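A.B. asks: The following block contains the structure, expressed as structure tokens.
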Amino acid sequence: MSAFWKRFSRNRGAVLGLIILAVVIAIAIVAPILYPQSPWKMVQRPFLQPFTLPAFPLGTDTLGRDVASGLAHGARVSLLIGIVSTFVALLIGVPIGAIAGFAGGRIDDALMRLTELFQTVPNFALAIVLVAIFQPSLASIVMAIAVVSWPPVARLVRAEVLSLKTREFVDAARLAGLSGRAILMREVLPNALSPIIVMASLMVATAILVESSLSFLGLGDPNAMSWGFMIGAARTVIRNAWWLSFFPGLAILLTVLALNLIGEGLSDALNPRLAREGR
Amino acid sequence: MSAATSQTMERKSASAAGAPSPVLDVLALTIALPSAADREHAVRDVSFVLWPGEILCMVGESGSGKSMCANALMGLLPSSVRITSGRAMFDGQDLTQLSEAQWMGLRGARIAMIFQEPMTALNPLMRIGDQIAEVFEAHGRLTPSERRARILALIAEVGLPEPEKIARAYPFQLSGGQRQRAMIAMALALEPAILIADEPTTALDVTTQAQILRLIRDLQKRHGMAVLFITHDLGVVREIASRVIVMRHGTVVEQGAVTDVLERPQHPYTKALIAAMPSEVVASASGVKADPVLRVRDLRKTYRTGGGLFRPAREVKAIDGVSFEIARGEVLGLVGESGSGKSTVGRAIVRLIEADGGQIFVGGEDMSGLHSDALRRARHRVQMVFQDPYASLNPRRKVAGAIAAGPIARGTPPAKAMERALSVLETVGLDRAAGERYPHEFSGGQRQRIGIARVLALDPELIIADEAVSALDVSIQAQILDLLRDLRARLGLSLLFITHDLRVAAQLCDRVAVMQNGRIVEIGPAADIFLKPQHDYTKSLLAAVPGLAWREAAREPA
């Protein structure tokens, strides 16, 4: 474990990403304490410039709602959707990829054609359709993002399983009389964990972007304040109230950047052989 | 230190006699490893000279620093290591001080190198002729038409048939030996003063190895090159070298003329290395009971590749009607070169691959007829020790857990299985504490012991060892063979020992079967096979074993 941290911390970008993400998570956790009122509540006059009133450091929006409060509560929604939808996508993708790779033959063909079916439909378009059909809510957004993002997971896991199952230790386990299930769960999948972890960290970033895009289009959960919604609501006034889209945009940028940096750091730390030089 | 003084003396006497100056003069070369490594220096205080027109062998086990030395002399050191002190004088310049631009002028032109694995050293997407042409292009030599003629001459010189055809071929269309010849043609293209050969025959079969060694020796004489030949095989040293350097843990332990070092070794390590070499003393067949533990009848396996609507599939008969028996308590060696089908036989017996036809009786039960659950329950009866000690253990599983997994799957209570796992670790000469560690904490030899322990935990009737010692250094190889011999005596194991190395087979096996192209061409008691071979193929295999004549000569007076 300490060796892992040593390799991870050698990548300065990854450490920076970890710090940014820690700050975002901390804000998400303390949001209800910092801003106990609903972020939807009108608290000041509309279009209050940022840095003018100390009580509202980031100003107010078109209806006089506190931008800082919106950002803090939006962090909860973004992180929650990012993490939960990634988890659900893994729950779909890992078993499908593992079974396809391990079983091979017709089962592999069937599962891979199913995966391709999902991959051929443009992700975002499918997500919009799903959310529109099921009514926008946190649950339907999570499901929509998970449904569009599992195919790459399945492909990755299948490729890993295909290469791992030809290893000699898998042959040895087979000779020892282990059942196929036991071999897959105990011998093969634990060795495929590193790339899955790396991919998951990048998927959280993508999920946050997709959620923001959906909210921007007005397909967010109407009861949850989110960064994408804030930008979407501010787009008509972008010329006279820049801060309304700038701060939520910056929040998305930093969070997604942080997750990407962490993903790269994890990739270096978990696959030390592949780590690039000069870092 | 004594090596360094003898070195200076050698140098003085040479200059006094007015002999030609050395083509390469390495003095106190020290290469530092990154701080996290298990030792401070890859190579420490290494000094040697390379005279024009000689073949100098650098011999050592893995981790001795011999390849690091070669890479330093080619300017190919990885960025994490650096040369901390010492000189390597060549052509009046110090190789340790060259810039990358200077290296580019030198590499290929004045110092050339050939590698162990010709498949990865050649560009798979480029024709052989174009790859040789690249050497000329890189150094701006010759016009395109001159190049063409020179390439064909080179291909012919390294003994490849039909130069025109070879020049147009891609690497995958050539055999291993042909690829190595193509590599040698590339290395010779610009008439280098030094050829560095890093284990160039290790990946090749014995008969091919013998041919490549002869080729290198001939070319070296014809071109008057100096050759620095790196190997782990003392037999190869004997075949090819005029002088030898023995390396261990990054330092030179002994150097001198081949006959001196091999016949009158001074350093204990050199003595141990020579003692660890498999000798041709054939193991005497021990008392074998009549009842067979394994009976294989007319085993067949054909691979079909390619083939489409308009093209017939290419068929390779990997196993072509193989039949043999192994008696209880017997060790049968299955010997052959790569592609002979010997590993396929092993894998077909344990049902890791499905044979097309034939029967496999283990203790009277036909294994080839079993399926799914019945097969899974019967599997423990035949177990396998694999070649690669690094690939055959799950890196994410503790050793004891890996050993106990089989017995637990058979219904042994976990606590009892774990206890048994620890006791078999002791049986193979490891600590009980080893069970709590992960495979990466062990050396190659220790991992192979773990692999054997895993097999023993299942109480098999027959063990198949598929090249089980081929990936190990000679001294470790000797220890594992000792262990197998000891286990066999104590536990009465029956063993099918698959190997490409006749010297290893000679030490352990009661009977030997020689395979070629999917068939057993000769089978009989080990002594008969090695001393009175009948089949031509067996004879040619025996003749190709490097350094054979030397050891026979050494054995006679004794």
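Here, A, B, ... name the chains of the structure tokens in the order displayed, residue numbers run from 1 inside each chain, and ligands are numbered from 1 in the same displayed order.
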If you take only C-alpha atoms and a cut-off of 6 Å, which residues of chain A touch chain B, and what are their nearest atom pairs and distances in Å to one decimal, in chain and number order, as a Markdown table?
C.D. replies:
```
| residue | atom | partner | partner_atom | distance |
| --- | --- | --- | --- | --- |
| A:Glu168 | CA | B:Ser392 | CA | 4.4 |
| A:Phe169 | CA | B:Ser392 | CA | 4.0 |
| A:Leu175 | CA | B:Arg379 | CA | 5.7 |
| A:Ala176 | CA | B:Gly406 | CA | 4.5 |
| A:Gly177 | CA | B:Arg376 | CA | 4.8 |
| A:Leu178 | CA | B:Ala409 | CA | 5.6 |
```
A.B. asks: Could you write out, as a PyMOL selection string, all the residues of segment 305-411 of chain B that DSSP marks as strand (DSSP E or B)?
C.D. replies: chain B and resi 305+314-327+331-335+357-362+365-366+382-385
A.B. asks: Restricting the output to C-alpha atoms, write the selected residues as a short mmCIF file (atom, residue, chain, number, x, y, z; two decimals), in the first residue's frame.
C.D. replies:
```cif
data_model
loop_
_atom_site.label_atom_id
_atom_site.label_comp_id
_atom_site.auth_asym_id
_atom_site.auth_seq_id
_atom_site.Cartn_x
_atom_site.Cartn_y
_atom_site.Cartn_z
CA THR B 305 -5.46 -22.43 -39.47
CA ARG B 314 -3.56 -25.31 -43.44
CA GLU B 315 -3.36 -28.38 -41.27
CA VAL B 316 -0.70 -28.97 -38.67
CA LYS B 317 -0.63 -32.36 -37.03
CA ALA B 318 0.58 -31.36 -33.55
CA ILE B 319 0.12 -34.89 -32.24
CA ASP B 320 0.11 -37.62 -34.83
CA GLY B 321 -0.76 -40.95 -33.24
CA VAL B 322 1.25 -40.93 -30.04
CA SER B 323 1.16 -43.95 -27.71
CA PHE B 324 3.18 -44.60 -24.58
CA GLU B 325 2.93 -45.79 -21.00
CA ILE B 326 4.31 -44.56 -17.72
CA ALA B 327 4.74 -47.11 -14.96
CA VAL B 331 10.08 -40.80 -14.75
CA LEU B 332 9.54 -40.58 -18.48
CA GLY B 333 11.26 -37.79 -20.34
CA LEU B 334 9.51 -36.37 -23.38
CA VAL B 335 12.15 -34.61 -25.42
CA GLY B 357 -8.73 -38.77 -31.02
CA GLY B 358 -7.12 -41.40 -28.84
CA GLN B 359 -7.46 -42.52 -25.26
CA ILE B 360 -5.83 -41.50 -22.01
CA PHE B 361 -6.05 -44.01 -19.18
CA VAL B 362 -5.02 -42.83 -15.74
CA GLU B 365 -9.84 -44.96 -15.96
CA ASP B 366 -10.33 -43.38 -19.36
CA VAL B 382 -2.89 -35.71 -12.96
CA GLN B 383 -1.27 -32.40 -12.12
CA MET B 384 1.06 -30.10 -13.97
CA VAL B 385 4.09 -27.99 -13.07
#
```
A.B. asks: Skipping near chain neighbours, those fewer than 3 positions away, what residues fall within 6 Å of Ile245 of chain B using only C-alpha atoms, listed as a compact mmCIF listing (two decimals) with N, CA and C atoms, in the first residue's frame?
C.D. replies:
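Just written: out.txt:
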```txt
# COMPACT_ATOMS: atom_id res chain seq x y z
N MET B 58 30.95 -13.53 -22.19
CA MET B 58 30.65 -13.02 -20.87
C MET B 58 29.56 -13.94 -20.34
N GLU B 254 36.03 -13.99 -12.45
CA GLU B 254 37.17 -14.71 -13.02
C GLU B 254 37.21 -14.43 -14.51
N GLN B 255 38.42 -14.27 -15.08
CA GLN B 255 38.50 -14.21 -16.53
C GLN B 255 39.79 -14.82 -17.01
```
A.B. asks: Atom CA of Ile212 of chain B to atom CA of Ile166 of chain B: how many Å, to one decimal?
C.D. replies: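 About the pair atom CA of Ile212 of chain B and atom CA of Ile166 of chain B: they are 17.3 Å apart.
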A.B. asks: What's around Ala88 of chain B at 10 Å? Count only C-alpha atoms, leave out sequence neighbours fewer than 4 positions away in its own chain, and write the answer as a PyMOL selection string.
C.D. replies: chain B and resi 24-29+47-49+72-73+92-97
A.B. asks: Check the smallest atom-to-atom distance from each of B:Ala275, B:Asp356, B:Thr30, B:Arg328 to Asp510 of chain B using only C-alpha atoms, then report the winner.
C.D. replies: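 When distances to Asp510 of chain B are compared using only C-alpha atoms, the smallest one comes from B:Arg328.
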A.B. asks: Fewer than 4 positions away in the same chain doesn't count, so skip those; otherwise give me all residues within 8 Å of Gly346 of chain B, counting only C-alpha atoms, as a list of chain:residue names.
C.D. replies: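 Selected residues are B:Lys342, B:Val350, B:Ile464, B:Asp466, B:Ile498.
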A.B. asks: For the residues in the current selection, export C-alpha atoms as a PDB file, in the first residue's frame.
C.D. replies:
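Saved result, again-v2.pdb, follows:
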```pdb
ATOM      1  CA  LYS B 342       5.676 -32.386 -26.777  1.00  0.00           C
ATOM      2  CA  VAL B 350      -4.469 -33.075 -18.463  1.00  0.00           C
ATOM      3  CA  ILE B 464       3.510 -33.572 -15.689  1.00  0.00           C
ATOM      4  CA  ASP B 466       6.241 -28.988 -18.723  1.00  0.00           C
ATOM      5  CA  ILE B 498       8.739 -32.569 -20.822  1.00  0.00           C
TER       6      ILE B 498
END
```
A.B. asks: Please provide as a count of residues only all residues within 12 Å of Phe51 of chain A, with the sequence filter that same-chain residues fewer than 6 positions apart are discarded (counting only C-alpha atoms).
C.D. replies: 7
A.B. asks: With a distance cut-off of 10 Å and only C-alpha atoms, select the neighbouring residues of Arg511 of chain B, excluding the residue or stretch itself and same-chain residues fewer than 6 positions from it, and output the selection as a PDB file with C-alpha atoms, in the first residue's frame.
C.D. replies:
```pdb
ATOM      1  CA  ALA B 283      20.511 -41.632 -14.163  1.00  0.00           C
ATOM      2  CA  SER B 284      20.250 -45.328 -13.537  1.00  0.00           C
ATOM      3  CA  ALA B 285      16.747 -46.622 -14.014  1.00  0.00           C
ATOM      4  CA  ILE B 326       4.311 -44.564 -17.721  1.00  0.00           C
ATOM      5  CA  GLU B 330       8.700 -44.001 -13.255  1.00  0.00           C
ATOM      6  CA  VAL B 331      10.077 -40.797 -14.746  1.00  0.00           C
ATOM      7  CA  LEU B 332       9.542 -40.584 -18.483  1.00  0.00           C
ATOM      8  CA  GLY B 333      11.264 -37.789 -20.341  1.00  0.00           C
ATOM      9  CA  LEU B 334       9.511 -36.373 -23.377  1.00  0.00           C
ATOM     10  CA  LEU B 496       6.215 -37.075 -17.231  1.00  0.00           C
ATOM     11  CA  ALA B 505      16.457 -35.166 -19.326  1.00  0.00           C
ATOM     12  CA  ILE B 523      11.552 -44.378 -26.971  1.00  0.00           C
ATOM     13  CA  GLY B 524      13.612 -46.418 -24.579  1.00  0.00           C
ATOM     14  CA  PRO B 525      15.722 -46.489 -21.417  1.00  0.00           C
ATOM     15  CA  ALA B 526      17.641 -43.229 -20.956  1.00  0.00           C
ATOM     16  CA  ALA B 527      21.016 -44.920 -21.189  1.00  0.00           C
ATOM     17  CA  ASP B 528      20.139 -46.455 -24.562  1.00  0.00           C
ATOM     18  CA  ILE B 529      18.832 -43.183 -25.979  1.00  0.00           C
TER      19      ILE B 529
END
```
A.B. asks: Compare B:Leu98, B:Val424, B:Val545, B:Ile155 by their minimum atom-to-atom distance to Arg238 of chain B, counting only C-alpha atoms, and give me the closest one.
C.D. replies: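 Of B:Leu98, B:Val424, B:Val545, B:Ile155, the one nearest Arg238 of chain B, counting only C-alpha atoms, is B:Val545.
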A.B. asks: What does the distance between atom CA of Ala169 of chain B and atom CA of Gly129 of chain B come to in Å, to one decimal place?
C.D. replies: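 These two atoms are separated by 7.8 Å.
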A.B. asks: Could you jot down the atom CA of Ser475 of chain B to atom CA of Arg248 of chain B separation for me, Å, one decimal place?
C.D. replies: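 One can read the atom CA of Ser475 of chain B to atom CA of Arg248 of chain B distance as 12.3 Å.
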A.B. asks: Restricting the calculation to only C-alpha atoms: of A:Leu219, A:Ile197, A:Leu270, A:Ile231, which residue gets closest to Leu130 of chain A?
C.D. replies: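 Closest candidate: A:Leu219.
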A.B. asks: Which is closer to Leu160 of chain B than all the others in B:Ala313, B:Ile111, B:Leu215, B:Ala513, using only C-alpha atoms?
C.D. replies: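 Smallest separation from Leu160 of chain B among the options: B:Leu215.
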